[in-house]
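Take a look at the structure set out below.
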Amino acid sequence: MKITVGACALTLFGMASVQANAGVIYTFGNITANNVANAAAGESQLSVEVDAVGLNQVSFKFTNAGPIAMSITDIYFDDGTLLGISTVTNGGPGVDFAQGASPGNLPGGNALSPAFQTTAGFSSDSNPPTQPNGVGPGEMVTIVFSLINGMTYADTINALNTQGDHLRIGIHVQGFANGGSESFVNRVPAPGALALLGLGGLAAARRRR
């Protein structure tokens with residue numbers, strides 16, 4: 001069962017939902033606006049699901065729901081509760097990601113306030129050929145991070161739900177039909193939705209014990 005976080009909040013702010021037997025799903029907001037149609041398409045079909053892996057790791061599953069042509073080719077993390085990448089798991093034969101991204105920082109990220117600064121070692125991208133090996137429609141890639149000592153899954157969700165640079169996720173997307181590219185950053189839930197996310201996260205944490 002999927003619990004949607006406030007229809008109004010989702011309509012106005014995009015954001016996140018809590019799944020009863022899974023993690024918290026975040027949508028992305030465009031930051032580059034190179035093309036209005038491409039930006040809107042990316043916002044509508046790209047997401048990341050954040051879930052606990054044991055007691056000291058967190059997974060980030062990036063999904064391209066389709067059907068519009070585009071490919072997630074670079075993934076970046078800015079600061080937060082994370083210690084380091086543990087594994088990168090490709091979700092299908094058409095996806096080939098490895099740790100480390102080029103360019104080293106999210107394209108367009110410097111225009112944000114505060115600027116998006118990728119933490120050293122906290123990135124991943126698709127191996128050549130870049131676009132075909134990215135996350136295309138119907139595909140996914142999962143990155144598992146170990147957490148800083150003393151940090152928890154709940155701390156990670158709280159960091160993602162806080163405005164500023166506590167923890168941000170950026171993606172660079174290529175392969176649009178017109179050959180364009182766009183960058184996106186995870187959306188922060190509206191204040192009214194945070195309480196529901198907190199309740200859902202608490203329930204999920206209790207089920208994992």
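Residue names in the structure tokens use chain letters A, B, ... in the order shown, residue numbers from 1 in each chain, and ligand numbers from 1 in the order shown.
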What are the nearest atom pairs, with distances in Å to one decimal, for all residues of stretch 18-103 of chain A that come at most 9 Å from stretch 150-163 of chain A, using only C-alpha atoms, set out by chain and rising residue number as CSV?
residue,atom,partner,partner_atom,distance
A:Val24,CA,A:Ile157,CA,8.0
A:Val50,CA,A:Ile157,CA,7.9
A:Asp51,CA,A:Tyr153,CA,7.4
A:Ala52,CA,A:Tyr153,CA,5.7
A:Val53,CA,A:Tyr153,CA,8.5
A:Leu55,CA,A:Thr152,CA,7.0
A:Asn56,CA,A:Thr152,CA,6.4
A:Gln57,CA,A:Tyr153,CA,7.4
A:Val58,CA,A:Tyr153,CA,6.3
A:Gly80,CA,A:Ala159,CA,6.5
A:Thr81,CA,A:Thr156,CA,5.8
A:Leu82,CA,A:Thr156,CA,7.9
Once you have the residues from the selection above, write them out as a PDB file, in the first residue's frame, restricted to C-alpha atoms.
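Once written, part.pdb looks like this:
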ATOM      1  CA  VAL A  24      10.537   7.153   1.150  1.00  0.00           C
ATOM      2  CA  VAL A  50      15.479   5.939   0.031  1.00  0.00           C
ATOM      3  CA  ASP A  51      15.408   2.858   2.254  1.00  0.00           C
ATOM      4  CA  ALA A  52      17.268   1.360   5.221  1.00  0.00           C
ATOM      5  CA  VAL A  53      19.727  -1.489   4.698  1.00  0.00           C
ATOM      6  CA  LEU A  55      21.260  -0.635  10.875  1.00  0.00           C
ATOM      7  CA  ASN A  56      24.105   1.359   9.338  1.00  0.00           C
ATOM      8  CA  GLN A  57      23.453   1.605   5.603  1.00  0.00           C
ATOM      9  CA  VAL A  58      20.949   3.385   3.361  1.00  0.00           C
ATOM     10  CA  GLY A  80      24.758  14.792   4.915  1.00  0.00           C
ATOM     11  CA  THR A  81      24.807  11.654   7.090  1.00  0.00           C
ATOM     12  CA  LEU A  82      26.677   9.537   4.555  1.00  0.00           C
TER      13      LEU A  82
END
Can you pull out the residues contacting A:Gly109? Cut-off 12 Å, using only C-alpha atoms, and skip same-chain residues under 2 positions away; I want them as a list in words. Asn30, Ile31, Thr32, Tyr76, Phe77, Asp78, Pro103, Gly104, Asn105, Leu106, Pro107, Ala111, Leu112, Ser113, Pro114, Ala115, Phe116, Gln117, Thr118, Asp165, Arg168, Ile169, Gly170, Ile171, His172, Glu182, Ser183, Phe184 and Val185 of chain A
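Proximity ranking of A:Pro129, A:Gly94, A:Gly138, A:Pro67 relative to A:Ala177 places A:Pro67 first, based on only C-alpha atoms.
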*Got a sec: who's within 7 Å of A:Asp96, counting only C-alpha atoms, leaving out chain neighbours fewer than 3 positions off, as a list in words?*
Asn90, Ser126, Asn127, Asn133 and Gly134 of chain A
Pick out the residues sitting within 6 Å of A:Phe176, and hand them over as a count of residues only; count only C-alpha atoms, and ignore anything fewer than 4 positions along from it in its own chain. 3
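Compared by their closest atoms to A:Phe62, and using only C-alpha atoms, the residues A:Gln131, A:Thr27, A:Ser47, A:Ser181 rank with A:Ser47 nearest.
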Open item on the list: Write out as a PyMOL selection string the set of residues from stretch 3-139 of chain A that DSSP, computed on the backbone, places in strand (DSSP E or B).
Closed with: chain A and resi 3-4+16-19+24-30+46-53+57-64+71-78+82-91+97-100+123-126+135+139
Would you mind writing down, as a PyMOL selection string, each residue of stretch 41-157 of chain A that DSSP on the backbone assigns to alpha helix (DSSP H)?
-> chain A and resi 41-45+153-157
With C-alpha atoms retained, could you export that selection as an mmCIF file, in the first residue's frame?
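Printed below is result-v3.cif as written:
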data_model
loop_
_atom_site.group_PDB
_atom_site.id
_atom_site.type_symbol
_atom_site.label_atom_id
_atom_site.label_comp_id
_atom_site.auth_asym_id
_atom_site.auth_seq_id
_atom_site.Cartn_x
_atom_site.Cartn_y
_atom_site.Cartn_z
ATOM 1 C CA ALA A 41 9.239 15.445 -18.471
ATOM 2 C CA GLY A 42 12.112 14.770 -16.089
ATOM 3 C CA GLU A 43 10.139 16.047 -13.124
ATOM 4 C CA SER A 44 7.245 13.761 -14.021
ATOM 5 C CA GLN A 45 9.060 10.441 -14.442
ATOM 6 C CA TYR A 153 18.156 5.970 8.420
ATOM 7 C CA ALA A 154 15.859 8.406 10.241
ATOM 8 C CA ASP A 155 18.693 10.959 10.392
ATOM 9 C CA THR A 156 19.160 10.571 6.637
ATOM 10 C CA ILE A 157 15.470 11.189 5.928
#
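Taking only C-alpha atoms into account, A:Leu167 lies nearest to A:Phe122 out of the set A:Val36, A:Ile143, A:Phe122, A:Asn149.
Compared by their closest atoms to A:Ile85, and using only C-alpha atoms, the residues A:Asn64, A:Asn34, A:Ser146, A:Ser59 rank with A:Ser146 nearest.
Atom CA of A:Val95 is positioned 23.7 Å from atom CA of A:Thr119.
Here the question is which of A:His166, A:Thr89, A:Asn110, A:Asp74 gets nearest to A:Pro128 using only C-alpha atoms, and that residue is A:Asp74.
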Excluding A:Leu83 and residues on its chain fewer than 5 positions from it, collect all residues at most 7 Å away from it, counting only C-alpha atoms, and give them as a PyMOL selection string.
chain A and resi 145-148
Separating atom CA of A:Thr130 from atom CA of A:Val88, to the nearest tenth of an Å, is a gap of 16.2 Å
